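The next block is input-v2.cif, given as mmCIF, N, CA and C atoms.
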data_run
#
loop_
_atom_site.label_atom_id
_atom_site.label_comp_id
_atom_site.auth_asym_id
_atom_site.auth_seq_id
_atom_site.Cartn_x
_atom_site.Cartn_y
_atom_site.Cartn_z
N MET A 1 -118.81 -20.46 125.55
CA MET A 1 -118.43 -21.80 125.95
C MET A 1 -117.39 -22.38 125.00
N LYS A 2 -117.54 -22.11 123.69
CA LYS A 2 -116.58 -22.62 122.70
C LYS A 2 -115.19 -22.07 122.96
N LYS A 3 -115.12 -20.81 123.38
CA LYS A 3 -113.83 -20.19 123.67
C LYS A 3 -113.11 -20.94 124.79
N TYR A 4 -113.88 -21.27 125.84
CA TYR A 4 -113.28 -21.97 126.98
C TYR A 4 -112.83 -23.37 126.60
N LEU A 5 -113.64 -24.04 125.81
CA LEU A 5 -113.29 -25.38 125.36
C LEU A 5 -112.04 -25.35 124.48
N SER A 6 -111.96 -24.39 123.57
CA SER A 6 -110.78 -24.24 122.71
C SER A 6 -109.54 -23.92 123.54
N LEU A 7 -109.69 -23.04 124.51
CA LEU A 7 -108.58 -22.67 125.38
C LEU A 7 -108.10 -23.87 126.18
N PHE A 8 -109.05 -24.66 126.70
CA PHE A 8 -108.70 -25.85 127.46
C PHE A 8 -107.95 -26.85 126.58
N CYS A 9 -108.43 -27.07 125.37
CA CYS A 9 -107.76 -28.00 124.44
C CYS A 9 -106.34 -27.54 124.12
N LEU A 10 -106.16 -26.26 123.90
CA LEU A 10 -104.81 -25.73 123.65
C LEU A 10 -103.90 -25.94 124.84
N PHE A 11 -104.42 -25.71 126.04
CA PHE A 11 -103.62 -25.92 127.25
C PHE A 11 -103.18 -27.36 127.37
N VAL A 12 -104.11 -28.30 127.17
CA VAL A 12 -103.78 -29.73 127.25
C VAL A 12 -102.75 -30.10 126.20
N LEU A 13 -102.89 -29.58 125.00
CA LEU A 13 -101.94 -29.86 123.93
C LEU A 13 -100.54 -29.38 124.29
N PHE A 14 -100.42 -28.14 124.73
CA PHE A 14 -99.10 -27.60 125.08
C PHE A 14 -98.53 -28.25 126.33
N ASP A 15 -99.38 -28.58 127.27
CA ASP A 15 -98.91 -29.20 128.49
C ASP A 15 -98.40 -30.62 128.25
N SER A 16 -98.94 -31.31 127.26
CA SER A 16 -98.53 -32.69 127.00
C SER A 16 -97.27 -32.78 126.16
N CYS A 17 -96.86 -31.70 125.54
CA CYS A 17 -95.64 -31.71 124.73
C CYS A 17 -94.42 -31.62 125.63
N SER A 18 -93.40 -32.42 125.31
CA SER A 18 -92.14 -32.32 126.04
C SER A 18 -91.02 -32.62 125.08
N LYS A 19 -89.84 -32.17 125.42
CA LYS A 19 -88.69 -32.30 124.54
C LYS A 19 -88.27 -33.76 124.37
N SER A 20 -88.19 -34.51 125.46
CA SER A 20 -87.67 -35.86 125.37
C SER A 20 -88.73 -36.94 125.54
N GLY A 21 -89.91 -36.57 126.00
CA GLY A 21 -90.94 -37.57 126.23
C GLY A 21 -90.76 -38.31 127.54
N THR A 22 -89.75 -37.99 128.33
CA THR A 22 -89.53 -38.64 129.60
C THR A 22 -89.64 -37.61 130.71
N THR A 23 -90.00 -38.09 131.86
CA THR A 23 -90.06 -37.22 133.02
C THR A 23 -89.04 -37.69 134.04
N ASN A 24 -88.41 -36.75 134.68
CA ASN A 24 -87.40 -37.08 135.67
C ASN A 24 -87.83 -36.63 137.06
N ASN A 25 -89.14 -36.64 137.32
CA ASN A 25 -89.64 -36.25 138.63
C ASN A 25 -89.54 -37.43 139.58
N ASN A 26 -88.47 -37.46 140.35
CA ASN A 26 -88.23 -38.53 141.30
C ASN A 26 -87.77 -37.89 142.60
N PRO A 27 -88.49 -38.12 143.70
CA PRO A 27 -88.13 -37.46 144.96
C PRO A 27 -86.80 -37.94 145.55
N PHE A 28 -86.29 -39.07 145.09
CA PHE A 28 -85.03 -39.59 145.62
C PHE A 28 -83.80 -39.02 144.90
N LEU A 29 -83.98 -38.53 143.66
CA LEU A 29 -82.85 -38.13 142.84
C LEU A 29 -82.95 -36.66 142.42
N PRO A 30 -81.91 -35.88 142.69
CA PRO A 30 -81.92 -34.47 142.26
C PRO A 30 -81.72 -34.35 140.76
N ASN A 31 -82.11 -33.21 140.20
CA ASN A 31 -81.90 -32.93 138.78
C ASN A 31 -80.66 -32.07 138.61
N TYR A 32 -79.61 -32.65 138.10
CA TYR A 32 -78.39 -31.91 137.81
C TYR A 32 -78.29 -31.70 136.31
N SER A 33 -77.92 -30.50 135.91
CA SER A 33 -77.69 -30.22 134.49
C SER A 33 -76.27 -30.62 134.14
N PHE A 34 -76.10 -31.30 133.01
CA PHE A 34 -74.77 -31.68 132.53
C PHE A 34 -74.86 -32.00 131.05
N SER A 35 -73.74 -32.07 130.42
CA SER A 35 -73.62 -32.50 129.05
C SER A 35 -72.24 -33.14 128.91
N VAL A 36 -72.19 -34.33 128.34
CA VAL A 36 -70.92 -35.03 128.14
C VAL A 36 -70.93 -35.67 126.77
N ASN A 37 -69.78 -35.62 126.09
CA ASN A 37 -69.62 -36.25 124.78
C ASN A 37 -68.96 -37.61 124.94
N VAL A 38 -69.47 -38.59 124.20
CA VAL A 38 -68.93 -39.95 124.19
C VAL A 38 -68.48 -40.23 122.77
N ASP A 39 -67.17 -40.34 122.57
CA ASP A 39 -66.62 -40.60 121.24
C ASP A 39 -66.55 -42.10 121.02
N LEU A 40 -67.44 -42.61 120.18
CA LEU A 40 -67.54 -44.04 119.95
C LEU A 40 -66.31 -44.65 119.29
N SER A 41 -65.43 -43.81 118.75
CA SER A 41 -64.22 -44.33 118.12
C SER A 41 -63.11 -44.61 119.14
N LEU A 42 -63.30 -44.20 120.39
CA LEU A 42 -62.30 -44.46 121.43
C LEU A 42 -62.44 -45.89 121.96
N PRO A 43 -61.32 -46.55 122.27
CA PRO A 43 -61.37 -47.94 122.75
C PRO A 43 -62.21 -48.13 124.02
N SER A 44 -62.26 -47.14 124.89
CA SER A 44 -63.02 -47.29 126.14
C SER A 44 -64.53 -47.38 125.90
N TYR A 45 -64.98 -46.99 124.71
CA TYR A 45 -66.40 -47.05 124.38
C TYR A 45 -66.69 -48.05 123.26
N SER A 46 -65.75 -48.94 122.96
CA SER A 46 -65.92 -49.89 121.86
C SER A 46 -67.09 -50.84 122.08
N ASN A 47 -67.46 -51.13 123.33
CA ASN A 47 -68.62 -52.00 123.61
C ASN A 47 -69.90 -51.44 123.02
N LEU A 48 -69.98 -50.13 122.87
CA LEU A 48 -71.20 -49.51 122.35
C LEU A 48 -71.38 -49.72 120.85
N SER A 49 -70.41 -50.35 120.20
CA SER A 49 -70.54 -50.65 118.78
C SER A 49 -71.52 -51.79 118.53
N TYR A 50 -71.88 -52.52 119.58
CA TYR A 50 -72.72 -53.71 119.43
C TYR A 50 -74.01 -53.57 120.24
N ALA A 51 -75.10 -53.97 119.63
CA ALA A 51 -76.40 -53.93 120.30
C ALA A 51 -76.39 -54.80 121.55
N GLY A 52 -77.04 -54.33 122.59
CA GLY A 52 -77.12 -55.08 123.84
C GLY A 52 -75.97 -54.84 124.79
N ASN A 53 -75.08 -53.91 124.45
CA ASN A 53 -73.94 -53.60 125.31
C ASN A 53 -74.06 -52.20 125.88
N GLY A 54 -73.49 -52.03 127.06
CA GLY A 54 -73.50 -50.73 127.70
C GLY A 54 -72.16 -50.41 128.33
N VAL A 55 -71.99 -49.15 128.68
CA VAL A 55 -70.79 -48.68 129.37
C VAL A 55 -71.20 -47.75 130.50
N LYS A 56 -70.29 -47.59 131.46
CA LYS A 56 -70.49 -46.66 132.56
C LYS A 56 -69.67 -45.40 132.30
N ILE A 57 -70.26 -44.26 132.59
CA ILE A 57 -69.53 -42.99 132.55
C ILE A 57 -69.57 -42.44 133.97
N THR A 58 -68.41 -42.37 134.60
CA THR A 58 -68.35 -41.96 136.00
C THR A 58 -67.59 -40.65 136.19
N THR A 59 -67.54 -39.85 135.16
CA THR A 59 -66.88 -38.55 135.22
C THR A 59 -67.60 -37.67 136.25
N GLN A 60 -66.83 -36.98 137.07
CA GLN A 60 -67.38 -36.06 138.07
C GLN A 60 -68.36 -35.09 137.43
N GLY A 61 -69.54 -34.93 138.02
CA GLY A 61 -70.52 -33.98 137.53
C GLY A 61 -71.45 -34.51 136.46
N VAL A 62 -71.31 -35.79 136.10
CA VAL A 62 -72.18 -36.39 135.09
C VAL A 62 -73.22 -37.24 135.82
N GLY A 63 -74.46 -36.76 135.83
CA GLY A 63 -75.53 -37.45 136.52
C GLY A 63 -75.39 -37.35 138.03
N VAL A 64 -76.23 -38.09 138.73
CA VAL A 64 -76.19 -38.11 140.19
C VAL A 64 -75.04 -39.00 140.66
N ARG A 65 -74.97 -40.24 140.13
CA ARG A 65 -73.94 -41.20 140.49
C ARG A 65 -73.15 -41.69 139.29
N GLY A 66 -73.30 -41.03 138.14
CA GLY A 66 -72.72 -41.50 136.89
C GLY A 66 -73.84 -41.90 135.96
N VAL A 67 -73.48 -42.34 134.76
CA VAL A 67 -74.49 -42.64 133.74
C VAL A 67 -74.14 -43.95 133.03
N PHE A 68 -75.17 -44.76 132.79
CA PHE A 68 -75.06 -45.91 131.91
C PHE A 68 -75.49 -45.47 130.52
N VAL A 69 -74.69 -45.76 129.50
CA VAL A 69 -75.08 -45.55 128.11
C VAL A 69 -75.20 -46.93 127.50
N PHE A 70 -76.30 -47.17 126.79
CA PHE A 70 -76.62 -48.51 126.30
C PHE A 70 -77.03 -48.46 124.84
N ASN A 71 -76.52 -49.41 124.05
CA ASN A 71 -76.88 -49.54 122.64
C ASN A 71 -78.06 -50.49 122.53
N THR A 72 -79.22 -49.97 122.10
CA THR A 72 -80.43 -50.79 122.00
C THR A 72 -80.53 -51.53 120.67
N GLY A 73 -79.64 -51.23 119.74
CA GLY A 73 -79.72 -51.81 118.40
C GLY A 73 -80.39 -50.86 117.43
N SER A 74 -81.27 -50.01 117.94
CA SER A 74 -81.93 -49.01 117.09
C SER A 74 -81.60 -47.59 117.56
N GLY A 75 -80.69 -47.48 118.50
CA GLY A 75 -80.29 -46.18 119.05
C GLY A 75 -79.61 -46.38 120.38
N PHE A 76 -79.53 -45.31 121.15
CA PHE A 76 -78.85 -45.35 122.43
C PHE A 76 -79.76 -44.80 123.52
N THR A 77 -79.64 -45.37 124.72
CA THR A 77 -80.31 -44.85 125.89
C THR A 77 -79.26 -44.44 126.90
N ALA A 78 -79.63 -43.55 127.81
CA ALA A 78 -78.75 -43.15 128.89
C ALA A 78 -79.56 -43.02 130.17
N PHE A 79 -79.09 -43.67 131.22
CA PHE A 79 -79.79 -43.67 132.50
C PHE A 79 -78.79 -43.41 133.62
N ASP A 80 -79.28 -42.78 134.69
CA ASP A 80 -78.44 -42.52 135.86
C ASP A 80 -78.10 -43.83 136.56
N MET A 81 -76.94 -43.86 137.20
CA MET A 81 -76.50 -45.04 137.92
C MET A 81 -77.01 -45.08 139.36
N ALA A 82 -77.78 -44.09 139.78
CA ALA A 82 -78.34 -44.07 141.14
C ALA A 82 -79.62 -44.90 141.18
N CYS A 83 -79.80 -45.69 142.22
CA CYS A 83 -81.02 -46.47 142.39
C CYS A 83 -82.21 -45.51 142.48
N PRO A 84 -83.21 -45.69 141.61
CA PRO A 84 -84.30 -44.73 141.56
C PRO A 84 -85.33 -44.85 142.68
N ASN A 85 -85.33 -45.96 143.41
CA ASN A 85 -86.32 -46.16 144.46
C ASN A 85 -85.70 -46.23 145.84
N GLN A 86 -84.52 -45.60 146.00
CA GLN A 86 -83.80 -45.59 147.27
C GLN A 86 -83.31 -44.18 147.56
N ASN A 87 -83.21 -43.85 148.84
CA ASN A 87 -82.51 -42.63 149.20
C ASN A 87 -81.05 -42.79 148.83
N LEU A 88 -80.40 -41.68 148.49
CA LEU A 88 -78.97 -41.75 148.18
C LEU A 88 -78.22 -42.19 149.42
N GLY A 89 -77.41 -43.21 149.26
CA GLY A 89 -76.65 -43.75 150.37
C GLY A 89 -75.50 -44.58 149.88
N ALA A 90 -74.87 -45.30 150.79
CA ALA A 90 -73.68 -46.08 150.47
C ALA A 90 -73.94 -47.17 149.44
N CYS A 91 -75.14 -47.73 149.42
CA CYS A 91 -75.40 -48.86 148.51
C CYS A 91 -76.23 -48.46 147.30
N SER A 92 -76.43 -47.17 147.05
CA SER A 92 -77.38 -46.78 146.01
C SER A 92 -76.76 -46.52 144.63
N THR A 93 -75.52 -46.96 144.41
CA THR A 93 -74.93 -46.87 143.07
C THR A 93 -75.10 -48.21 142.38
N MET A 94 -75.80 -48.20 141.24
CA MET A 94 -76.12 -49.43 140.54
C MET A 94 -74.91 -50.01 139.80
N THR A 95 -75.00 -51.30 139.51
CA THR A 95 -73.96 -51.98 138.74
C THR A 95 -74.55 -52.42 137.41
N LEU A 96 -73.68 -52.56 136.42
CA LEU A 96 -74.08 -53.00 135.08
C LEU A 96 -74.00 -54.52 135.05
N SER A 97 -75.11 -55.16 134.66
CA SER A 97 -75.17 -56.61 134.58
C SER A 97 -75.86 -57.00 133.29
N GLY A 98 -75.07 -57.15 132.23
CA GLY A 98 -75.64 -57.49 130.92
C GLY A 98 -76.51 -56.36 130.40
N MET A 99 -77.78 -56.65 130.19
CA MET A 99 -78.72 -55.66 129.67
C MET A 99 -79.53 -54.99 130.78
N ASN A 100 -79.05 -55.14 132.01
CA ASN A 100 -79.74 -54.58 133.17
C ASN A 100 -78.80 -53.77 134.04
N ALA A 101 -79.40 -52.88 134.80
CA ALA A 101 -78.71 -52.18 135.88
C ALA A 101 -79.30 -52.74 137.16
N VAL A 102 -78.44 -53.11 138.12
CA VAL A 102 -78.89 -53.75 139.35
C VAL A 102 -78.56 -52.86 140.54
N CYS A 103 -79.58 -52.66 141.39
CA CYS A 103 -79.41 -51.87 142.60
C CYS A 103 -78.97 -52.81 143.72
N PRO A 104 -77.79 -52.57 144.33
CA PRO A 104 -77.33 -53.46 145.39
C PRO A 104 -78.12 -53.33 146.69
N CYS A 105 -78.89 -52.25 146.86
CA CYS A 105 -79.67 -52.06 148.09
C CYS A 105 -80.78 -53.10 148.20
N ASP A 106 -81.48 -53.35 147.07
CA ASP A 106 -82.63 -54.25 147.10
C ASP A 106 -82.56 -55.35 146.04
N SER A 107 -81.45 -55.43 145.31
CA SER A 107 -81.21 -56.43 144.25
C SER A 107 -82.21 -56.36 143.11
N LYS A 108 -82.86 -55.21 142.91
CA LYS A 108 -83.80 -55.05 141.80
C LYS A 108 -83.04 -54.76 140.52
N ALA A 109 -83.46 -55.40 139.43
CA ALA A 109 -82.84 -55.21 138.12
C ALA A 109 -83.75 -54.33 137.27
N TYR A 110 -83.16 -53.36 136.58
CA TYR A 110 -83.87 -52.44 135.70
C TYR A 110 -83.36 -52.63 134.29
N SER A 111 -84.27 -52.70 133.32
CA SER A 111 -83.91 -52.87 131.93
C SER A 111 -83.23 -51.61 131.40
N LEU A 112 -82.10 -51.78 130.72
CA LEU A 112 -81.43 -50.64 130.09
C LEU A 112 -82.05 -50.30 128.74
N TYR A 113 -83.02 -51.09 128.28
CA TYR A 113 -83.80 -50.75 127.10
C TYR A 113 -84.89 -49.73 127.46
N THR A 114 -85.57 -50.00 128.58
CA THR A 114 -86.74 -49.19 128.94
C THR A 114 -86.58 -48.38 130.22
N GLY A 115 -85.67 -48.80 131.10
CA GLY A 115 -85.51 -48.15 132.40
C GLY A 115 -86.48 -48.67 133.45
N LEU A 116 -87.26 -49.68 133.11
CA LEU A 116 -88.29 -50.18 134.02
C LEU A 116 -87.87 -51.42 134.77
N SER A 117 -88.50 -51.60 135.95
CA SER A 117 -88.35 -52.81 136.74
C SER A 117 -89.73 -53.16 137.28
N ALA A 118 -90.15 -54.40 137.12
CA ALA A 118 -91.50 -54.81 137.51
C ALA A 118 -91.77 -54.51 138.98
N GLY A 119 -92.91 -53.88 139.21
CA GLY A 119 -93.36 -53.62 140.57
C GLY A 119 -92.71 -52.43 141.27
N MET A 120 -91.82 -51.72 140.60
CA MET A 120 -91.14 -50.59 141.24
C MET A 120 -91.87 -49.28 140.89
N THR A 121 -91.86 -48.35 141.83
CA THR A 121 -92.58 -47.08 141.66
C THR A 121 -91.93 -46.20 140.61
N TYR A 122 -90.61 -46.06 140.67
CA TYR A 122 -89.91 -45.15 139.77
C TYR A 122 -89.00 -45.92 138.81
N PRO A 123 -88.98 -45.51 137.54
CA PRO A 123 -88.03 -46.10 136.58
C PRO A 123 -86.66 -45.46 136.77
N LEU A 124 -85.68 -45.96 136.03
CA LEU A 124 -84.37 -45.32 136.02
C LEU A 124 -84.52 -43.88 135.54
N LYS A 125 -83.67 -43.01 136.04
CA LYS A 125 -83.69 -41.60 135.62
C LYS A 125 -83.07 -41.52 134.23
N ALA A 126 -83.87 -41.14 133.25
CA ALA A 126 -83.44 -41.11 131.85
C ALA A 126 -82.81 -39.77 131.49
N TYR A 127 -81.83 -39.82 130.60
CA TYR A 127 -81.19 -38.62 130.08
C TYR A 127 -81.30 -38.61 128.55
N GLY A 128 -81.17 -37.45 127.98
CA GLY A 128 -81.22 -37.30 126.54
C GLY A 128 -79.94 -37.79 125.88
N VAL A 129 -80.07 -38.33 124.67
CA VAL A 129 -78.92 -38.78 123.88
C VAL A 129 -79.11 -38.28 122.46
N GLU A 130 -78.10 -37.59 121.94
CA GLU A 130 -78.08 -37.16 120.54
C GLU A 130 -76.82 -37.72 119.88
N GLN A 131 -76.96 -38.23 118.67
CA GLN A 131 -75.81 -38.77 117.95
C GLN A 131 -75.49 -37.89 116.76
N ASN A 132 -74.20 -37.56 116.65
CA ASN A 132 -73.69 -36.80 115.51
C ASN A 132 -72.46 -37.54 115.01
N GLY A 133 -72.64 -38.39 114.02
CA GLY A 133 -71.53 -39.21 113.52
C GLY A 133 -71.13 -40.23 114.57
N SER A 134 -69.85 -40.21 114.96
CA SER A 134 -69.36 -41.17 115.95
C SER A 134 -69.35 -40.59 117.36
N VAL A 135 -70.01 -39.46 117.57
CA VAL A 135 -70.04 -38.84 118.89
C VAL A 135 -71.48 -38.80 119.43
N LEU A 136 -71.63 -39.31 120.65
CA LEU A 136 -72.91 -39.21 121.34
C LEU A 136 -72.82 -38.06 122.34
N ARG A 137 -73.86 -37.29 122.43
CA ARG A 137 -73.96 -36.26 123.46
C ARG A 137 -75.03 -36.72 124.44
N VAL A 138 -74.65 -36.92 125.69
CA VAL A 138 -75.57 -37.30 126.75
C VAL A 138 -75.78 -36.08 127.61
N PHE A 139 -77.05 -35.76 127.90
CA PHE A 139 -77.32 -34.50 128.59
C PHE A 139 -78.59 -34.56 129.41
N ASN A 140 -78.69 -33.59 130.32
CA ASN A 140 -79.91 -33.39 131.10
C ASN A 140 -80.23 -31.91 131.05
#

Now, as a test, write the supplied structure out as structure tokens.
Amino acid sequence: MKKYLSLFCLFVLFDSCSKSGTTNNNPFLPNYSFSVNVDLSLPSYSNLSYAGNGVKITTQGVGVRGVFVFNTGSGFTAFDMACPNQNLGACSTMTLSGMNAVCPCDSKAYSLYTGLSAGMTYPLKAYGVEQNGSVLRVFN
């Protein structure tokens, strides 16, 4: 019995470990692999020098509909620009509004600090962010 209990505990431990701590299991949004570098010294990304500011990255192949990168003051977050609770369609590309991303389909606002919106089933699709000096690497 002890063997089975130990085996079960090991399984739970390994199953609960994840690289980023976030899950991207959303039936509305596909998982695309990508990696993009954001050079904070470039003028187009100067807004990211200040806490509470974000930028859009709409380069082809980055995320489902592009990516919001946001300076939280203690680091950076990156979220997909696709509405997480809508089928992909004409109105499902979110807009940046201060510290929120807003879905034009249903006018729901999602926090760029947490990716959450009250009462919604799915949060924003989160991506990994690594900083090396003045360069951020955003990836999935």

Requested in this report: Pull out every residue that the PyMOL selection byres (((chain A and resi 75-86 and name CA) around 6) and name CA) matches in the shown coordinates and put them as a list in words.
Outcome: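 That selection, the PyMOL selection byres (((chain A and resi 75-86 and name CA) around 6) and name CA), comes back as Gly63, Arg65, Gly66, Val67, Phe68, Val69, Phe70, Asn71, Thr72, Gly73, Ser74, Asn87, Ser92, Thr93, Met94, Cys103, Tyr122, Leu124, Lys125, Ala126 and Tyr127 of chain A.
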
Those residues you just picked out, can you put them in a file as a PDB file, in the frame of the given file with N, CA and C atoms?
ATOM      1  N   GLY A  63     -74.460 -36.760 135.830  1.00  0.00           N
ATOM      2  CA  GLY A  63     -75.530 -37.450 136.520  1.00  0.00           C
ATOM      3  C   GLY A  63     -75.390 -37.350 138.030  1.00  0.00           C
ATOM      4  N   ARG A  65     -74.970 -40.240 140.130  1.00  0.00           N
ATOM      5  CA  ARG A  65     -73.940 -41.200 140.490  1.00  0.00           C
ATOM      6  C   ARG A  65     -73.150 -41.690 139.290  1.00  0.00           C
ATOM      7  N   GLY A  66     -73.300 -41.030 138.140  1.00  0.00           N
ATOM      8  CA  GLY A  66     -72.720 -41.500 136.890  1.00  0.00           C
ATOM      9  C   GLY A  66     -73.840 -41.900 135.960  1.00  0.00           C
ATOM     10  N   VAL A  67     -73.480 -42.340 134.760  1.00  0.00           N
ATOM     11  CA  VAL A  67     -74.490 -42.640 133.740  1.00  0.00           C
ATOM     12  C   VAL A  67     -74.140 -43.950 133.030  1.00  0.00           C
ATOM     13  N   PHE A  68     -75.170 -44.760 132.790  1.00  0.00           N
ATOM     14  CA  PHE A  68     -75.060 -45.910 131.910  1.00  0.00           C
ATOM     15  C   PHE A  68     -75.490 -45.470 130.520  1.00  0.00           C
ATOM     16  N   VAL A  69     -74.690 -45.760 129.500  1.00  0.00           N
ATOM     17  CA  VAL A  69     -75.080 -45.550 128.110  1.00  0.00           C
ATOM     18  C   VAL A  69     -75.200 -46.930 127.500  1.00  0.00           C
ATOM     19  N   PHE A  70     -76.300 -47.170 126.790  1.00  0.00           N
ATOM     20  CA  PHE A  70     -76.620 -48.510 126.300  1.00  0.00           C
ATOM     21  C   PHE A  70     -77.030 -48.460 124.840  1.00  0.00           C
ATOM     22  N   ASN A  71     -76.520 -49.410 124.050  1.00  0.00           N
ATOM     23  CA  ASN A  71     -76.880 -49.540 122.640  1.00  0.00           C
ATOM     24  C   ASN A  71     -78.060 -50.490 122.530  1.00  0.00           C
ATOM     25  N   THR A  72     -79.220 -49.970 122.100  1.00  0.00           N
ATOM     26  CA  THR A  72     -80.430 -50.790 122.000  1.00  0.00           C
ATOM     27  C   THR A  72     -80.530 -51.530 120.670  1.00  0.00           C
ATOM     28  N   GLY A  73     -79.640 -51.230 119.740  1.00  0.00           N
ATOM     29  CA  GLY A  73     -79.720 -51.810 118.400  1.00  0.00           C
ATOM     30  C   GLY A  73     -80.390 -50.860 117.430  1.00  0.00           C
ATOM     31  N   SER A  74     -81.270 -50.010 117.940  1.00  0.00           N
ATOM     32  CA  SER A  74     -81.930 -49.010 117.090  1.00  0.00           C
ATOM     33  C   SER A  74     -81.600 -47.590 117.560  1.00  0.00           C
ATOM     34  N   ASN A  87     -83.210 -43.850 148.840  1.00  0.00           N
ATOM     35  CA  ASN A  87     -82.510 -42.630 149.200  1.00  0.00           C
ATOM     36  C   ASN A  87     -81.050 -42.790 148.830  1.00  0.00           C
ATOM     37  N   SER A  92     -76.430 -47.170 147.050  1.00  0.00           N
ATOM     38  CA  SER A  92     -77.380 -46.780 146.010  1.00  0.00           C
ATOM     39  C   SER A  92     -76.760 -46.520 144.630  1.00  0.00           C
ATOM     40  N   THR A  93     -75.520 -46.960 144.410  1.00  0.00           N
ATOM     41  CA  THR A  93     -74.930 -46.870 143.070  1.00  0.00           C
ATOM     42  C   THR A  93     -75.100 -48.210 142.380  1.00  0.00           C
ATOM     43  N   MET A  94     -75.800 -48.200 141.240  1.00  0.00           N
ATOM     44  CA  MET A  94     -76.120 -49.430 140.540  1.00  0.00           C
ATOM     45  C   MET A  94     -74.910 -50.010 139.800  1.00  0.00           C
ATOM     46  N   CYS A 103     -79.580 -52.660 141.390  1.00  0.00           N
ATOM     47  CA  CYS A 103     -79.410 -51.870 142.600  1.00  0.00           C
ATOM     48  C   CYS A 103     -78.970 -52.810 143.720  1.00  0.00           C
ATOM     49  N   TYR A 122     -90.610 -46.060 140.670  1.00  0.00           N
ATOM     50  CA  TYR A 122     -89.910 -45.150 139.770  1.00  0.00           C
ATOM     51  C   TYR A 122     -89.000 -45.920 138.810  1.00  0.00           C
ATOM     52  N   LEU A 124     -85.680 -45.960 136.030  1.00  0.00           N
ATOM     53  CA  LEU A 124     -84.370 -45.320 136.020  1.00  0.00           C
ATOM     54  C   LEU A 124     -84.520 -43.880 135.540  1.00  0.00           C
ATOM     55  N   LYS A 125     -83.670 -43.010 136.040  1.00  0.00           N
ATOM     56  CA  LYS A 125     -83.690 -41.600 135.620  1.00  0.00           C
ATOM     57  C   LYS A 125     -83.070 -41.520 134.230  1.00  0.00           C
ATOM     58  N   ALA A 126     -83.870 -41.140 133.250  1.00  0.00           N
ATOM     59  CA  ALA A 126     -83.440 -41.110 131.850  1.00  0.00           C
ATOM     60  C   ALA A 126     -82.810 -39.770 131.490  1.00  0.00           C
ATOM     61  N   TYR A 127     -81.830 -39.820 130.600  1.00  0.00           N
ATOM     62  CA  TYR A 127     -81.190 -38.620 130.080  1.00  0.00           C
ATOM     63  C   TYR A 127     -81.300 -38.610 128.550  1.00  0.00           C
TER      64      TYR A 127
END

Check: Which of chain A counts as helix (DSSP H, G or I) under DSSP, as a PyMOL selection string please?
Finding: chain A and resi 2-16+43-49

Check your understanding: Any idea what's packed within 8 Å of Tyr32 of chain A, counting all atoms listed in the file, ignoring anything in its chain fewer than 6 positions away? Could you give it as an MDAnalysis selection string?
Key -> chainID A and resid 61:64 139:140

field: Picked residues, the PyMOL selection byres ((chain A and resi 40) around 7), expected as a PyMOL selection string
entry: chain A and resi 38-39+41-43+45-46+48-49+134-136

Selection as a compact mmCIF listing (two decimals) with N, CA and C atoms, keeping the file's coordinate frame: residues within 6.5 Å of (-76.8, -49.6, 150.7), counting only N, CA and C atoms:
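part.txt, written as the output of this step:
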# COMPACT_ATOMS: atom_id res chain seq x y z
N GLY A 89 -77.41 -43.21 149.26
CA GLY A 89 -76.65 -43.75 150.37
C GLY A 89 -75.50 -44.58 149.88
N ALA A 90 -74.87 -45.30 150.79
CA ALA A 90 -73.68 -46.08 150.47
C ALA A 90 -73.94 -47.17 149.44
N CYS A 91 -75.14 -47.73 149.42
CA CYS A 91 -75.40 -48.86 148.51
C CYS A 91 -76.23 -48.46 147.30
N SER A 92 -76.43 -47.17 147.05
CA SER A 92 -77.38 -46.78 146.01
C SER A 92 -76.76 -46.52 144.63
N PRO A 104 -77.79 -52.57 144.33
CA PRO A 104 -77.33 -53.46 145.39
C PRO A 104 -78.12 -53.33 146.69
N CYS A 105 -78.89 -52.25 146.86
CA CYS A 105 -79.67 -52.06 148.09
C CYS A 105 -80.78 -53.10 148.20

* Selected residue, from A:Thr121, A:Ser111, A:Asp106, A:Met99, that lies nearest to Ala51 of chain A when counting only C-alpha atoms ->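 Closest to Ala51 of chain A, using only C-alpha atoms: A:Met99.
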
| message | With DSSP run on the backbone, what are the strand (DSSP E) residues within chain A? I'd like them as a ChimeraX atom specification. | response | /A:35-39,54-57,67-71,76-80,95-97,100-102,109-111,126-132,135-139

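Picture a line from atom CA of Gly52 of chain A to atom CA of Pro30 of chain A; it runs 28.1 Å.
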
request  = To one decimal in Å, tell me the separation between atom N of Val36 of chain A and atom CA of Gly54 of chain A.
outcome  =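 Interatomic distance, atom N of Val36 of chain A to atom CA of Gly54 of chain A: 16.5 Å.
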
6 Å contact set for Asn100 of chain A, only C-alpha atoms, chain neighbours under 2 positions out, as a PyMOL selection string
chain A and resi 97-98+109-112

Write out the residues from the selection above, keeping N, CA and C atoms, as a PDB file, in the coordinates of the input.
ATOM      1  N   SER A  97     -75.110 -55.160 134.660  1.00  0.00           N
ATOM      2  CA  SER A  97     -75.170 -56.610 134.580  1.00  0.00           C
ATOM      3  C   SER A  97     -75.860 -57.000 133.290  1.00  0.00           C
ATOM      4  N   GLY A  98     -75.070 -57.150 132.230  1.00  0.00           N
ATOM      5  CA  GLY A  98     -75.640 -57.490 130.920  1.00  0.00           C
ATOM      6  C   GLY A  98     -76.510 -56.360 130.400  1.00  0.00           C
ATOM      7  N   ALA A 109     -83.460 -55.400 139.430  1.00  0.00           N
ATOM      8  CA  ALA A 109     -82.840 -55.210 138.120  1.00  0.00           C
ATOM      9  C   ALA A 109     -83.750 -54.330 137.270  1.00  0.00           C
ATOM     10  N   TYR A 110     -83.160 -53.360 136.580  1.00  0.00           N
ATOM     11  CA  TYR A 110     -83.870 -52.440 135.700  1.00  0.00           C
ATOM     12  C   TYR A 110     -83.360 -52.630 134.290  1.00  0.00           C
ATOM     13  N   SER A 111     -84.270 -52.700 133.320  1.00  0.00           N
ATOM     14  CA  SER A 111     -83.910 -52.870 131.930  1.00  0.00           C
ATOM     15  C   SER A 111     -83.230 -51.610 131.400  1.00  0.00           C
ATOM     16  N   LEU A 112     -82.100 -51.780 130.720  1.00  0.00           N
ATOM     17  CA  LEU A 112     -81.430 -50.640 130.090  1.00  0.00           C
ATOM     18  C   LEU A 112     -82.050 -50.300 128.740  1.00  0.00           C
TER      19      LEU A 112
END
